[in-house]
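> Here you go, this is coords-v2.pdb (PDB, C-alpha atoms, pLDDT in the B column).
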MODEL        1
ATOM      1  CA  MET A   1       0.000   0.000   0.000  1.00 41.00           C
ATOM      2  CA  ASP A   2       2.056   2.938  -1.249  1.00 42.00           C
ATOM      3  CA  ARG A   3       0.480   6.115  -0.011  1.00 44.00           C
ATOM      4  CA  ALA A   4       0.831   9.737  -0.904  1.00 45.00           C
ATOM      5  CA  ILE A   5      -0.099  11.479   2.301  1.00 44.00           C
ATOM      6  CA  PHE A   6      -0.399  15.212   2.730  1.00 43.00           C
ATOM      7  CA  GLU A   7      -1.947  15.598   6.150  1.00 41.00           C
ATOM      8  CA  ASP A   8      -3.675  18.875   6.903  1.00 42.00           C
ATOM      9  CA  LEU A   9      -2.019  19.798  10.187  1.00 43.00           C
ATOM     10  CA  GLY A  10      -2.582  23.496   9.890  1.00 44.00           C
ATOM     11  CA  VAL A  11      -0.254  23.893   6.915  1.00 49.00           C
ATOM     12  CA  GLY A  12      -2.988  23.806   4.282  1.00 57.00           C
ATOM     13  CA  MET A  13      -1.893  20.635   2.480  1.00 66.00           C
ATOM     14  CA  LYS A  14      -4.435  18.222   1.050  1.00 74.00           C
ATOM     15  CA  SER A  15      -4.298  14.575   2.172  1.00 75.00           C
ATOM     16  CA  LEU A  16      -4.520  11.728  -0.302  1.00 84.00           C
ATOM     17  CA  VAL A  17      -4.109   8.025   0.431  1.00 84.00           C
ATOM     18  CA  LEU A  18      -3.462   5.709  -2.507  1.00 86.00           C
ATOM     19  CA  GLU A  19      -4.622   2.189  -1.669  1.00 84.00           C
ATOM     20  CA  LYS A  20      -3.850  -0.739  -3.986  1.00 83.00           C
ATOM     21  CA  SER A  21      -6.804  -2.846  -2.847  1.00 83.00           C
ATOM     22  CA  GLU A  22     -10.337  -2.136  -3.974  1.00 86.00           C
ATOM     23  CA  SER A  23     -11.609  -1.578  -0.424  1.00 83.00           C
ATOM     24  CA  LEU A  24     -10.416  -0.764   3.079  1.00 79.00           C
ATOM     25  CA  ARG A  25      -8.671  -3.830   4.438  1.00 74.00           C
ATOM     26  CA  ALA A  26      -7.000  -4.644   7.711  1.00 64.00           C
ATOM     27  CA  ALA A  27      -5.164  -7.922   7.220  1.00 67.00           C
ATOM     28  CA  GLY A  28      -3.596  -9.376  10.326  1.00 66.00           C
ATOM     29  CA  GLY A  29      -4.673  -9.642  13.928  1.00 75.00           C
ATOM     30  CA  ALA A  30      -2.959  -6.966  15.960  1.00 81.00           C
ATOM     31  CA  ILE A  31      -0.127  -4.470  15.849  1.00 84.00           C
ATOM     32  CA  ALA A  32       2.129  -3.206  18.629  1.00 88.00           C
ATOM     33  CA  ILE A  33       2.134   0.581  18.845  1.00 92.00           C
ATOM     34  CA  GLN A  34       5.086   2.050  20.711  1.00 92.00           C
ATOM     35  CA  PRO A  35       5.578   5.576  22.137  1.00 93.00           C
ATOM     36  CA  ASN A  36       6.461   7.345  18.872  1.00 93.00           C
ATOM     37  CA  GLY A  37       3.512   5.689  17.157  1.00 92.00           C
ATOM     38  CA  TRP A  38       1.156   7.042  19.837  1.00 94.00           C
ATOM     39  CA  LYS A  39       2.641  10.522  19.409  1.00 93.00           C
ATOM     40  CA  ALA A  40       1.927  10.362  15.671  1.00 90.00           C
ATOM     41  CA  LEU A  41      -1.611   9.040  16.271  1.00 91.00           C
ATOM     42  CA  ASP A  42      -2.232  11.868  18.775  1.00 91.00           C
ATOM     43  CA  VAL A  43      -1.155  14.451  16.179  1.00 87.00           C
ATOM     44  CA  LEU A  44      -3.568  12.847  13.711  1.00 83.00           C
ATOM     45  CA  GLY A  45      -6.316  12.997  16.347  1.00 86.00           C
ATOM     46  CA  VAL A  46      -6.952   9.253  16.619  1.00 89.00           C
ATOM     47  CA  GLY A  47      -4.857   8.284  19.656  1.00 93.00           C
ATOM     48  CA  SER A  48      -7.655   9.124  22.078  1.00 93.00           C
ATOM     49  CA  LYS A  49     -10.113   7.027  20.036  1.00 91.00           C
ATOM     50  CA  LEU A  50      -7.894   3.937  20.121  1.00 92.00           C
ATOM     51  CA  ARG A  51      -6.625   3.976  23.707  1.00 93.00           C
ATOM     52  CA  PRO A  52      -9.919   2.914  25.377  1.00 92.00           C
ATOM     53  CA  SER A  53      -9.954  -0.378  23.443  1.00 88.00           C
ATOM     54  CA  THR A  54      -6.290  -1.231  24.111  1.00 90.00           C
ATOM     55  CA  ILE A  55      -4.297  -2.354  27.128  1.00 88.00           C
ATOM     56  CA  LEU A  56      -1.224  -0.464  28.309  1.00 90.00           C
ATOM     57  CA  LEU A  57       1.548  -3.046  28.624  1.00 89.00           C
ATOM     58  CA  GLN A  58       3.152  -2.942  32.047  1.00 90.00           C
ATOM     59  CA  ARG A  59       6.140  -5.067  31.123  1.00 90.00           C
ATOM     60  CA  ILE A  60       7.767  -7.393  28.641  1.00 90.00           C
ATOM     61  CA  ARG A  61       8.694 -10.787  30.012  1.00 92.00           C
ATOM     62  CA  GLU A  62      11.237 -12.810  28.043  1.00 92.00           C
ATOM     63  CA  ILE A  63      11.691 -16.462  28.972  1.00 93.00           C
ATOM     64  CA  PHE A  64      14.713 -18.281  27.580  1.00 93.00           C
ATOM     65  CA  LEU A  65      14.567 -22.085  27.664  1.00 92.00           C
ATOM     66  CA  ASN A  66      17.793 -24.063  27.401  1.00 88.00           C
ATOM     67  CA  GLY A  67      17.296 -27.757  28.056  1.00 85.00           C
ATOM     68  CA  SER A  68      15.986 -28.023  31.617  1.00 86.00           C
ATOM     69  CA  LYS A  69      17.145 -24.486  32.510  1.00 90.00           C
ATOM     70  CA  GLN A  70      14.945 -21.415  32.326  1.00 91.00           C
ATOM     71  CA  GLN A  71      16.121 -17.822  32.475  1.00 93.00           C
ATOM     72  CA  GLU A  72      13.703 -14.924  32.707  1.00 93.00           C
ATOM     73  CA  GLU A  73      14.260 -11.271  31.890  1.00 92.00           C
ATOM     74  CA  ILE A  74      11.759  -8.518  32.666  1.00 91.00           C
ATOM     75  CA  ILE A  75      11.629  -5.133  30.993  1.00 88.00           C
ATOM     76  CA  SER A  76       9.419  -2.743  32.957  1.00 86.00           C
ATOM     77  CA  HIS A  77       6.942  -0.140  31.705  1.00 79.00           C
ATOM     78  CA  SER A  78       9.384   2.652  32.557  1.00 83.00           C
ATOM     79  CA  ASN A  79      11.784   1.235  29.935  1.00 82.00           C
ATOM     80  CA  ILE A  80       9.234   0.601  27.170  1.00 85.00           C
ATOM     81  CA  GLY A  81       7.042   3.692  27.524  1.00 89.00           C
ATOM     82  CA  GLU A  82       3.477   3.697  26.251  1.00 92.00           C
ATOM     83  CA  THR A  83       3.323   0.419  24.370  1.00 92.00           C
ATOM     84  CA  ARG A  84      -0.052  -1.057  23.504  1.00 91.00           C
ATOM     85  CA  TRP A  85      -1.391  -3.682  21.141  1.00 88.00           C
ATOM     86  CA  ALA A  86      -4.251  -2.616  18.908  1.00 88.00           C
ATOM     87  CA  LYS A  87      -6.471  -4.642  16.620  1.00 86.00           C
ATOM     88  CA  ARG A  88      -5.339  -3.781  13.100  1.00 84.00           C
ATOM     89  CA  SER A  89      -8.923  -3.260  11.959  1.00 84.00           C
ATOM     90  CA  ASP A  90      -9.500  -0.757  14.808  1.00 87.00           C
ATOM     91  CA  LEU A  91      -6.385   1.178  13.773  1.00 88.00           C
ATOM     92  CA  ILE A  92      -7.223   1.222  10.054  1.00 85.00           C
ATOM     93  CA  GLU A  93     -10.838   2.247  10.698  1.00 85.00           C
ATOM     94  CA  ALA A  94      -9.824   5.025  13.130  1.00 87.00           C
ATOM     95  CA  LEU A  95      -7.338   6.439  10.627  1.00 84.00           C
ATOM     96  CA  ALA A  96      -9.801   6.296   7.722  1.00 85.00           C
ATOM     97  CA  GLN A  97     -12.787   7.629   9.699  1.00 85.00           C
ATOM     98  CA  ASP A  98     -11.577  11.208   9.995  1.00 75.00           C
ATOM     99  CA  LEU A  99     -10.283  11.616   6.467  1.00 78.00           C
ATOM    100  CA  PRO A 100     -12.396  13.803   4.198  1.00 79.00           C
ATOM    101  CA  LEU A 101     -14.580  12.071   1.591  1.00 81.00           C
ATOM    102  CA  GLY A 102     -12.430  11.151  -1.401  1.00 82.00           C
ATOM    103  CA  ALA A 103      -9.152  11.286   0.544  1.00 83.00           C
ATOM    104  CA  ILE A 104      -8.664   7.540  -0.021  1.00 85.00           C
ATOM    105  CA  ARG A 105      -8.421   6.371  -3.620  1.00 87.00           C
ATOM    106  CA  PHE A 106      -8.888   2.626  -3.891  1.00 87.00           C
ATOM    107  CA  GLY A 107      -7.475   0.444  -6.651  1.00 87.00           C
ATOM    108  CA  CYS A 108      -4.497   2.777  -7.158  1.00 87.00           C
ATOM    109  CA  LYS A 109      -1.002   1.494  -7.667  1.00 86.00           C
ATOM    110  CA  ILE A 110       2.083   3.590  -8.307  1.00 89.00           C
ATOM    111  CA  VAL A 111       3.744   2.240 -11.460  1.00 90.00           C
ATOM    112  CA  SER A 112       6.482   4.854 -11.761  1.00 90.00           C
ATOM    113  CA  LEU A 113       7.975   7.637  -9.724  1.00 92.00           C
ATOM    114  CA  LYS A 114      10.298  10.486 -10.671  1.00 93.00           C
ATOM    115  CA  LEU A 115      11.282  13.909  -9.388  1.00 92.00           C
ATOM    116  CA  ASP A 116      10.136  17.136 -11.003  1.00 92.00           C
ATOM    117  CA  THR A 117      13.304  18.725 -12.400  1.00 93.00           C
ATOM    118  CA  ASN A 118      12.226  22.244 -11.343  1.00 93.00           C
ATOM    119  CA  THR A 119      10.810  21.646  -7.850  1.00 91.00           C
ATOM    120  CA  SER A 120      12.322  18.254  -6.883  1.00 90.00           C
ATOM    121  CA  PHE A 121       8.825  17.202  -5.797  1.00 90.00           C
ATOM    122  CA  PRO A 122       7.804  13.610  -6.591  1.00 91.00           C
ATOM    123  CA  ILE A 123       5.631  12.885  -9.631  1.00 93.00           C
ATOM    124  CA  LEU A 124       3.641   9.660  -9.416  1.00 91.00           C
ATOM    125  CA  GLN A 125       2.266   7.728 -12.374  1.00 93.00           C
ATOM    126  CA  LEU A 126      -0.642   5.468 -11.405  1.00 91.00           C
ATOM    127  CA  ASN A 127      -1.849   2.231 -13.001  1.00 91.00           C
ATOM    128  CA  ASN A 128      -4.976   3.997 -14.313  1.00 90.00           C
ATOM    129  CA  GLY A 129      -2.900   6.583 -16.231  1.00 92.00           C
ATOM    130  CA  THR A 130      -3.344   9.374 -13.655  1.00 91.00           C
ATOM    131  CA  THR A 131      -0.344  11.571 -12.833  1.00 92.00           C
ATOM    132  CA  ILE A 132      -0.049  13.134  -9.390  1.00 90.00           C
ATOM    133  CA  LYS A 133       2.427  15.827  -8.368  1.00 89.00           C
ATOM    134  CA  ALA A 134       3.069  15.559  -4.643  1.00 88.00           C
ATOM    135  CA  LYS A 135       4.794  17.722  -2.049  1.00 86.00           C
ATOM    136  CA  VAL A 136       5.231  14.907   0.484  1.00 83.00           C
ATOM    137  CA  LEU A 137       5.275  11.203  -0.296  1.00 85.00           C
ATOM    138  CA  ILE A 138       5.323   8.390   2.254  1.00 81.00           C
ATOM    139  CA  GLY A 139       5.769   4.782   1.130  1.00 79.00           C
ATOM    140  CA  CYS A 140       3.887   2.348   3.369  1.00 76.00           C
ATOM    141  CA  ASP A 141       4.217  -0.980   1.621  1.00 74.00           C
ATOM    142  CA  GLY A 142       7.354  -2.254   3.307  1.00 71.00           C
ATOM    143  CA  ALA A 143       9.638  -4.303   1.097  1.00 70.00           C
ATOM    144  CA  ASN A 144       7.221  -3.990  -1.836  1.00 75.00           C
ATOM    145  CA  SER A 145       7.152  -0.191  -1.828  1.00 81.00           C
ATOM    146  CA  MET A 146       7.725   1.631  -5.110  1.00 84.00           C
ATOM    147  CA  VAL A 147       8.932   4.524  -2.929  1.00 85.00           C
ATOM    148  CA  ALA A 148      11.610   2.305  -1.326  1.00 83.00           C
ATOM    149  CA  ASP A 149      12.748   1.211  -4.797  1.00 84.00           C
ATOM    150  CA  PHE A 150      12.912   4.829  -5.965  1.00 85.00           C
ATOM    151  CA  LEU A 151      15.012   5.796  -2.940  1.00 84.00           C
ATOM    152  CA  GLU A 152      17.287   2.829  -3.666  1.00 83.00           C
ATOM    153  CA  LEU A 153      16.988   1.529  -0.144  1.00 81.00           C
ATOM    154  CA  LYS A 154      18.854  -1.655   0.659  1.00 77.00           C
ATOM    155  CA  PRO A 155      17.445  -4.600  -1.296  1.00 74.00           C
ATOM    156  CA  LYS A 156      15.228  -7.155   0.392  1.00 73.00           C
ATOM    157  CA  LYS A 157      16.987  -9.948   2.230  1.00 75.00           C
ATOM    158  CA  LEU A 158      15.483 -13.364   2.590  1.00 74.00           C
ATOM    159  CA  HIS A 159      15.270 -14.524   6.173  1.00 70.00           C
ATOM    160  CA  SER A 160      15.034 -18.231   6.844  1.00 73.00           C
ATOM    161  CA  SER A 161      12.251 -18.000   9.372  1.00 72.00           C
ATOM    162  CA  CYS A 162       8.520 -17.997   9.281  1.00 69.00           C
ATOM    163  CA  GLY A 163       5.903 -16.620  11.588  1.00 71.00           C
ATOM    164  CA  VAL A 164       2.339 -17.401  12.439  1.00 73.00           C
ATOM    165  CA  ARG A 165       0.099 -14.893  14.164  1.00 73.00           C
ATOM    166  CA  GLY A 166      -3.336 -15.388  15.504  1.00 74.00           C
ATOM    167  CA  PHE A 167      -6.033 -13.415  17.202  1.00 77.00           C
ATOM    168  CA  THR A 168      -8.340 -15.108  19.674  1.00 82.00           C
ATOM    169  CA  TYR A 169     -11.538 -13.678  21.094  1.00 81.00           C
ATOM    170  CA  PHE A 170     -12.593 -14.570  24.660  1.00 85.00           C
ATOM    171  CA  PRO A 171     -16.290 -13.628  25.061  1.00 88.00           C
ATOM    172  CA  ASN A 172     -16.059 -13.740  28.876  1.00 89.00           C
ATOM    173  CA  GLY A 173     -12.699 -11.968  29.185  1.00 86.00           C
ATOM    174  CA  HIS A 174      -9.240 -13.480  29.161  1.00 87.00           C
ATOM    175  CA  GLY A 175      -7.618 -12.763  32.544  1.00 88.00           C
ATOM    176  CA  PHE A 176      -4.140 -12.279  31.067  1.00 89.00           C
ATOM    177  CA  ALA A 177      -1.772  -9.830  32.753  1.00 89.00           C
ATOM    178  CA  PRO A 178      -1.025  -6.600  30.833  1.00 90.00           C
ATOM    179  CA  GLU A 179       2.328  -7.879  29.589  1.00 90.00           C
ATOM    180  CA  PHE A 180       3.974  -9.259  26.473  1.00 89.00           C
ATOM    181  CA  VAL A 181       5.354 -12.711  27.205  1.00 91.00           C
ATOM    182  CA  GLN A 182       7.941 -14.042  24.792  1.00 90.00           C
ATOM    183  CA  THR A 183       9.291 -17.583  25.193  1.00 91.00           C
ATOM    184  CA  ILE A 184      12.414 -18.518  23.243  1.00 90.00           C
ATOM    185  CA  ARG A 185      13.948 -21.968  22.779  1.00 89.00           C
ATOM    186  CA  ASP A 186      16.615 -22.620  20.158  1.00 86.00           C
ATOM    187  CA  ASN A 187      15.249 -21.096  16.929  1.00 82.00           C
ATOM    188  CA  THR A 188      11.634 -21.058  18.066  1.00 87.00           C
ATOM    189  CA  MET A 189       9.854 -18.062  19.598  1.00 88.00           C
ATOM    190  CA  LEU A 190       6.336 -17.909  21.011  1.00 88.00           C
ATOM    191  CA  GLY A 191       4.683 -14.673  22.063  1.00 89.00           C
ATOM    192  CA  LEU A 192       1.452 -13.774  23.828  1.00 87.00           C
ATOM    193  CA  ALA A 193      -0.009 -10.345  24.498  1.00 87.00           C
ATOM    194  CA  PRO A 194      -3.516  -9.197  25.405  1.00 86.00           C
ATOM    195  CA  VAL A 195      -5.016  -6.706  22.951  1.00 84.00           C
ATOM    196  CA  HIS A 196      -8.404  -5.939  24.522  1.00 77.00           C
ATOM    197  CA  ARG A 197      -9.664  -6.152  28.075  1.00 69.00           C
TER     198      ARG A 197
ENDMDL
END
Any chance you could give the structure as structure tokens?

Amino acid sequence: MDRAIFEDLGVGMKSLVLEKSESLRAAGGAIAIQPNGWKALDVLGVGSKLRPSTILLQRIREIFLNGSKQQEEIISHSNIGETRWAKRSDLIEALAQDLPLGAIRFGCKIVSLKLDTNTSFPILQLNNGTTIKAKVLIGCDGANSMVADFLELKPKKLHSSCGVRGFTYFPNGHGFAPEFVQTIRDNTMLGLAPVHR
């Protein structure tokens, strides 16, 4: 999801989000939002909407298993700051909710990107033939970002690991402590964190 974002924060710039999919989507279960993320969400005016449905993590507990031995390390709240897990769909919906009508263009993919020779502002060519001249451009598609390619960021590296994430709903509450527990043994890692109360 490469996005051209021009957020109106009192500087009079128009916001536009270019979304490759045909509709708003929030793939994945949850996302950890750390202190700088909350600062950005507060500036965008959505931090206060998300906080009530999240749990402030009080600590991170890492458990290292080595044969019959177990070593535990605890990182307290004072060292991790405001870290919370949020349901991805809650985050996506909160961000999209306050955007003006038409600020998200669905089915748009950047196919080429160049700089204007006079202004050095980016010029985007979209898959539907549209050309957009931007003042600010933020690439949000990770390793598949056209923006990352344009900036010639380090190429993708294959990592010989895989991950599985899940999201479980407990209709009567879960009773888990407000902490992220990570258990590590050899090359295997298991994590558990409560997202909602």
> Tell me which residues the PyMOL selection byres ((chain A and resi 186) around 9) grabs here, as JSON, numbers by chain.
{"A": [64, 65, 66, 184, 185, 187, 188, 189]}
> Apply the PyMOL selection byres ((chain A and resi 147) around 10) to the displayed file and report the matching residues as a ChimeraX atom specification.
/A:2-4,110,112-114,122,124,137-146,148-153
> Could you name the residues that touch A:Ile80 at 8 Å or less, counting only C-alpha atoms, but leaving out those on the same chain fewer than 2 positions away, as a PyMOL selection string?
chain A and resi 34-35+59+75-78+82-83
> List the residues matched by the PyMOL selection byres ((chain A and resi 102) around 12) in the displayed structure as a ChimeraX atom specification, ordered by chain and then by residue number.
/A:14-19,96-101,103-106
> Can you tell me which residues surround A:Phe176 at a distance of at most 12 Å, considering only C-alpha atoms, apart from same-chain residues fewer than 6 positions away, and format the answer as a PDB file with C-alpha atoms, keeping the file's coordinate frame?

ATOM      1  CA  ILE A  55      -4.297  -2.354  27.128  1.00 88.00           C
ATOM      2  CA  LEU A  57       1.548  -3.046  28.624  1.00 89.00           C
ATOM      3  CA  GLN A  58       3.152  -2.942  32.047  1.00 90.00           C
ATOM      4  CA  PHE A 170     -12.593 -14.570  24.660  1.00 85.00           C
ATOM      5  CA  LEU A 192       1.452 -13.774  23.828  1.00 87.00           C
ATOM      6  CA  ALA A 193      -0.009 -10.345  24.498  1.00 87.00           C
ATOM      7  CA  PRO A 194      -3.516  -9.197  25.405  1.00 86.00           C
ATOM      8  CA  VAL A 195      -5.016  -6.706  22.951  1.00 84.00           C
ATOM      9  CA  HIS A 196      -8.404  -5.939  24.522  1.00 77.00           C
ATOM     10  CA  ARG A 197      -9.664  -6.152  28.075  1.00 69.00           C
TER      11      ARG A 197
END
> Measure the distance from atom CA of A:Leu56 to atom CA of A:Glu179 in Å and round it to one decimal.
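Atom CA of A:Leu56 sits 8.3 Å away from atom CA of A:Glu179.
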> Any idea what the distance is between atom CA of A:Val43 and atom CA of A:Leu91?
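Result for atom CA of A:Val43 versus atom CA of A:Leu91: 14.5 Å, one decimal.
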> One decimal, in Å: what's the spacing between atom CA of A:Ile31 and atom CA of A:Lys87?
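These atoms are spaced 6.4 Å apart.
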> Take the point (9.7, 19.9, -6.5) in the file's coordinates, draw a sphere of radius 12 Å around it, and report as a VMD selection string every protein, DNA or RNA residue with an atom inside or on it, counting all atoms listed in the file.
chain A and resid 114 to 123 133 to 137
> Compute the distance from (-0.6, 2.6, 14.1) to each atom, counting all atoms listed in the file, keep the residues with any atom at most 10 Å away, and return them as a list in words; use the coordinates of the file.
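Checked against the point, the hits come out as Ile31, Ala32, Ile33, Gln34, Asn36, Gly37, Trp38, Ala40, Leu41, Val46, Gly47, Leu50, Trp85, Ala86, Lys87, Arg88, Asp90, Leu91, Ile92, Ala94 and Leu95 of chain A.
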> Of the candidates A:Asn79, A:Cys108, A:Glu72, A:Arg165, which one gets nearest to A:Leu190 if we count only C-alpha atoms?
A:Arg165
> Counting all atoms listed in the file, which residue out of A:Ile60, A:Asn127, A:Ser48, A:Gly107 sits closest to A:Ser21?
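Between A:Ile60, A:Asn127, A:Ser48, A:Gly107, the residue approaching A:Ser21 most closely is A:Gly107.
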> Using all atoms of stretch 115-129 of chain A listed in the file and a margin of 3 Å per side, can you give the axis-aligned box centre and edge lengths in Å to one decimal, as AutoDock Vina command-line options?

--center_x 4.2 --center_y 12.2 --center_z -11.0 --size_x 24.3 --size_y 26.0 --size_z 16.4
> From the set A:Asp42, A:Ser89, A:Ile74, A:Pro52, which residue has the shortest atom-to-atom contact distance to A:Arg25, counting all atoms listed in the file?
A:Ser89
> Neighbours of A:Leu126 within 6 Å (all atoms listed in the file; same-chain residues fewer than 2 positions away dropped), as a list of chain:residue names?
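Residues near the query, excluding close chain neighbours: A:Lys109, A:Ile110, A:Val111, A:Asn128, A:Gly129, A:Thr130.
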> Would you fill out stretch 99-108 of chain A with all heavy atoms and return it as a compact mmCIF listing (two decimals), in the frame of the given file?

# COMPACT_ATOMS: atom_id res chain seq x y z
N LEU A 99 -10.74 11.04 7.73
CA LEU A 99 -10.28 11.62 6.47
C LEU A 99 -11.48 12.16 5.70
O LEU A 99 -12.57 11.59 5.74
CB LEU A 99 -9.57 10.56 5.62
CG LEU A 99 -8.21 10.10 6.13
CD1 LEU A 99 -7.69 8.96 5.27
CD2 LEU A 99 -7.22 11.25 6.13
N PRO A 100 -11.29 13.26 4.99
CA PRO A 100 -12.40 13.80 4.20
C PRO A 100 -12.82 12.82 3.10
O PRO A 100 -12.01 11.99 2.66
CB PRO A 100 -11.81 15.08 3.58
CG PRO A 100 -10.48 15.29 4.19
CD PRO A 100 -10.09 14.04 4.91
N LEU A 101 -14.06 12.91 2.65
CA LEU A 101 -14.58 12.07 1.59
C LEU A 101 -13.69 12.22 0.36
O LEU A 101 -13.33 13.32 -0.03
CB LEU A 101 -16.03 12.48 1.25
CG LEU A 101 -16.79 11.54 0.33
CD1 LEU A 101 -16.91 10.16 0.98
CD2 LEU A 101 -18.17 12.10 0.04
N GLY A 102 -13.28 11.11 -0.21
CA GLY A 102 -12.43 11.15 -1.40
C GLY A 102 -10.95 11.19 -1.10
O GLY A 102 -10.13 11.20 -2.02
N ALA A 103 -10.57 11.22 0.18
CA ALA A 103 -9.15 11.29 0.54
C ALA A 103 -8.45 9.94 0.36
O ALA A 103 -7.23 9.88 0.32
CB ALA A 103 -8.98 11.77 1.98
N ILE A 104 -9.24 8.85 0.26
CA ILE A 104 -8.66 7.54 -0.02
C ILE A 104 -9.09 7.14 -1.43
O ILE A 104 -10.28 7.12 -1.73
CB ILE A 104 -9.14 6.47 0.98
CG1 ILE A 104 -8.81 6.87 2.42
CG2 ILE A 104 -8.52 5.11 0.65
CD1 ILE A 104 -9.35 5.91 3.47
N ARG A 105 -8.12 6.86 -2.27
CA ARG A 105 -8.42 6.37 -3.62
C ARG A 105 -8.07 4.89 -3.66
O ARG A 105 -6.91 4.52 -3.52
CB ARG A 105 -7.61 7.12 -4.67
CG ARG A 105 -8.07 8.54 -4.85
CD ARG A 105 -7.47 9.13 -6.10
NE ARG A 105 -7.68 10.57 -6.10
CZ ARG A 105 -7.03 11.40 -6.89
NH1 ARG A 105 -6.14 10.94 -7.75
NH2 ARG A 105 -7.27 12.69 -6.84
N PHE A 106 -9.08 4.07 -3.87
CA PHE A 106 -8.89 2.63 -3.89
C PHE A 106 -8.52 2.16 -5.29
O PHE A 106 -8.84 2.81 -6.28
CB PHE A 106 -10.16 1.92 -3.41
CG PHE A 106 -10.47 2.19 -1.96
CD1 PHE A 106 -11.46 3.10 -1.60
CD2 PHE A 106 -9.76 1.55 -0.96
CE1 PHE A 106 -11.74 3.36 -0.27
CE2 PHE A 106 -10.03 1.81 0.37
CZ PHE A 106 -11.02 2.71 0.72
N GLY A 107 -7.86 1.02 -5.36
CA GLY A 107 -7.48 0.44 -6.65
C GLY A 107 -6.37 1.23 -7.34
O GLY A 107 -6.24 1.16 -8.56
N CYS A 108 -5.58 1.97 -6.58
CA CYS A 108 -4.50 2.78 -7.16
C CYS A 108 -3.15 2.16 -6.84
O CYS A 108 -2.86 1.84 -5.70
CB CYS A 108 -4.52 4.20 -6.59
SG CYS A 108 -5.91 5.18 -7.15
